[in-house]
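Structure first, then comments.
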Amino acid sequence: MAFSNVLLLCFFVVLSSTFSMTFGSEDQQKEYVLTLDHSNFSDIVSKHNFIVVEFYAPWCGHCKNLAPEYEKAASLLSSHDPAIVLAKFDADAEDNKELAKKYEVQGFPTIKIMRNGAQNIQDYNGPREADGIVTYLKKQVGPASNQIITSEDVASFIDDKNIFIVGIFPKLSGKEFDNFMSLAEKLRSDYDFGHTTNAKLIPHGGSSVTKPTLRLLKPFDERAVDFKKFEVDEMEKFINEASTPLVTLFEQTAENQRFLSKFFDSDDAKVMLFLDFSHEEVDTFKSTFHELAGSYKGKGLVFLLGNVPDSEGALQYYGLKEDQAPVILVQDTKGLKYINQNVKSDHMAPWLKDYMNGMLKPFIKSEPIPETNDEPVKVVVTDSLKDMVLDSKKNVLLEVYAPWCGHCKKLAPILEEVAVSFEQDPDVVIAKLDGTQNDIPSDKFEIQGYPTMFFKSASGKYAQYDGNRSKEDIIEFIQNNRDATSESTLESIKDEL
């Protein structure tokens, strides 16, 4: 799981809700979602020109929420002509992990659209409720771009809530048109496309077009942006930039998920403002923040605005409380955070300028160091990481976990047994760190998901543990990678020599 996905998951986990659906007795007996595993995956997928596969984990709460919606969508789509097949694959099962890695599954649930026997694979970026899934997938099996001939076509394909990309051509042929259709096929799972020879039908922008024009319609900022270079790579770059809001809203709506994902997937530093939208100066804050976003556009920053009552997950992730808002923070490309709490609207611009000039010190989040730490598995926090792990002269196995993670809960008693087995060994420490409440240096520890286990030998060699999570395997790994450095151990070695 990439950092951005971990961040999104931390933000959304406290906002999860459980969906429930009631089916008739016949639907209860029949499952419309195909079950795949390593033994039948290739055979079944290769036989379909179009199949949708959900990669899930049984313990994943989001997967459990999706399951009844996904099943209902599968039942509705089974009567489509041609039938649209939905399948699921337990990517957490040991025998299935190699296939999940092949398809670059980095979080749960991950949904892939596979065409032509999986020769063409695209991420599913649509809604997660049944009706939305059905509508989205029906579009995916149709043409990559729909021809717009009448005003009725406009009403059918274009709305004011989603991005729509339309190619306007003097004639529907030629290199520009062919490149546009190639682009539509490549990006069809991300955007809706249309093409026409009548510019007057298309809202916003010029109504008279004499040369091929790509027009991007969007529900934010300027409503239409035109582009006239019809090389596929150039058009894709333009779409990626033009479809990113100047300020992304932290809203939990289906329409907004695409923009949130794009924000957190960005390689730029992230500037976030959280304030209560009932604040007496909310309009001033919003206006100032939008002006900042405009002035720094294209300078390595992306901007997000959140309403405090709707941003519990975000504040929790950064170790902040509601009474610290309005709060503006920057998360740079190295994961370092810079925070200004209870900020005034006119202080945001000079503070951000100081950040850009390298004049701010990063904020390091840490839980308090425990007053007592005498359990077999030692508790590490950011403020004790240097002493207990980085500068320690002992062999340390460190688990980075999340309290809500099912795998972490399953691993906990096993790690406890490992720790007990090393209690009499002065050279070995088994420890854990809550990755949702503590910042850790990314140059030493790359967190792609929870739990992640790292081993630091007494001589300072680092390794990530990727073996089986059994007591025996973990102990064997420690024994094979440890250094003997304590005085008692060294003395015993000398005696033996």
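We label chains A, B, ... in the order they appear in the structure tokens, count residues from 1 in each chain, and number ligands from 1 in the order shown.
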**Prompt:** So which residues of range 21-96 of chain A fall under alpha helix (DSSP H) by DSSP, listed as a list in words?
**Reply:** Ser25, Glu26, Asp27, Gln28, Gln29, Phe41, Ser42, Asp43, Ile44, Val45, Ser46, Gly61, His62, Cys63, Lys64, Asn65, Leu66, Ala67, Pro68, Glu69, Tyr70, Glu71, Lys72, Ala73, Ala74, Ser75, Leu76 and Leu77 of chain A
**Request:** Within 12 Å of Ser470 in chain A, counting only C-alpha atoms, which residues show up once you throw out same-chain ones fewer than 6 positions away? Write them as a ChimeraX atom specification, please.
**Result:** /A:410-418,476-477
**Item:** A:Lys337, A:Lys229, A:Arg223, A:Lys471 ranked by distance to Asn162 in chain A, top pick (using only C-alpha atoms)
**Value:**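 Looking only at the distances to Asn162 in chain A, the closest residue turns out to be A:Arg223.
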**Message:** Report, in Å with one decimal, the straight-line distance from CA of His62 in chain A to CA of Ala100 in chain A.
**Reply:**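 Separation between CA of His62 in chain A and CA of Ala100 in chain A: 17.8 Å.
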